[in-house]
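Data first, discussion second: the structure below is written as structure tokens.
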Amino acid sequence: MAAQWYNLLIEQGAKFSHGVKIQSNGQPLDLNGYTARAQVRSQLGILTATFVCSIDLPTSQVIWMLPTAATTLLLPTCKKWEVPKQFEQKRFEVLPVGSHLWDLELVDAQNEAIRLLQGGAMVTPEATL
């Protein structure tokens, strides 16, 4: 199955989080044993940001958000955790303005990755500092 194309618009300095429900024939897919990972790269393939990812097992929703501006550690893989109904969105100010590429993958227990989504990530500048 080919990954679906989905473009992101990220406002520099604003909170950013996004999610997608993973379903098969209208039913939530069992994501036990999976982790999620997502990254933003420049058009040249240079890593510019790693999303913090989570999987809400009851709803089969994969959520990705950008870490806070103070976070400088790039996480290679995001571990799954139960997402509370109201989860805190994170603020991110470091991602460079411009056009980037991104993707979201599910990884099973055997470390096999399935790319779910991919696309462009446009970062717009913050005017008010």
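If you're wondering about the labels, chains in the structure tokens are A, B, ... by order shown, residues count from 1 in each chain, ligands from 1 in order shown.
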Could you give me, as a PyMOL selection string, the residues within 7 Å of Cys53 of chain A, counting only C-alpha atoms and dropping anything in the same chain fewer than 2 positions from it?
chain A and resi 36-37+51+63-65+78
How would the residues just picked look written out with N, CA and C atoms as a compact mmCIF listing (two decimals), in the first residue's frame?
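Output file part_14.txt follows:
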```
# COMPACT_ATOMS: atom_id res chain seq x y z
N ALA A 36 5.29 4.66 16.55
CA ALA A 36 5.17 5.60 15.43
C ALA A 36 6.39 6.51 15.42
N ARG A 37 6.76 6.94 14.22
CA ARG A 37 7.85 7.90 14.09
C ARG A 37 7.56 8.81 12.91
N PHE A 51 9.23 14.70 15.09
CA PHE A 51 7.98 14.84 15.82
C PHE A 51 7.97 13.92 17.03
N ILE A 63 -0.89 10.24 16.81
CA ILE A 63 -0.77 11.68 17.00
C ILE A 63 0.70 12.06 16.91
N TRP A 64 0.97 13.14 16.18
CA TRP A 64 2.34 13.64 16.12
C TRP A 64 2.32 15.13 16.41
N MET A 65 3.33 15.58 17.17
CA MET A 65 3.45 17.00 17.50
C MET A 65 4.92 17.38 17.55
N CYS A 78 9.73 7.16 18.36
CA CYS A 78 8.77 7.59 19.37
C CYS A 78 8.06 6.37 19.92
```
Find the residues around Leu116 of chain A up to 8 Å (only C-alpha atoms counted), leave out those fewer than 3 positions away in its own chain, and share them as a count of residues only.
7
Give me the residues near Ala127 of chain A as a PyMOL selection string, where near means some atom within 12 Å (using only C-alpha atoms) and where sequence neighbours in that chain fewer than 4 positions away do not count.
chain A and resi 11-14+93+97
Find the residues around Trp102 of chain A up to 12 Å (only C-alpha atoms counted), leave out those fewer than 3 positions away in its own chain, and share them as a PyMOL selection string.
chain A and resi 3-10+37-43+45-51+64+99+105+115-123
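Interatomic distance, atom CA of Lys15 of chain A to atom CA of His100 of chain A: 18.0 Å.
For the pair atom CA of Ser54 of chain A and atom CA of Gln27 of chain A, the interatomic distance is 19.3 Å.
Distance check against His18 of chain A using only C-alpha atoms: of A:Gly98, A:Val52, A:Leu44, A:Asn32, the minimum falls on A:Val52.
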One number please: atom CA of Tyr34 of chain A to atom CA of Asp108 of chain A, in Å, one decimal.
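Between atom CA of Tyr34 of chain A and atom CA of Asp108 of chain A the gap is 4.6 Å.
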Mind checking which residues fall within 7 Å of Ile22 of chain A, counting only C-alpha atoms, ignoring those fewer than 3 positions away in the same chain, and posting them as a VMD selection string?
chain A and resid 28 to 29 60 to 61
For a quick check of understanding, using only C-alpha atoms, which of A:Gly19, A:Glu112, A:Val107, A:Leu66 has the smallest distance to Leu95 of chain A?
A:Leu66
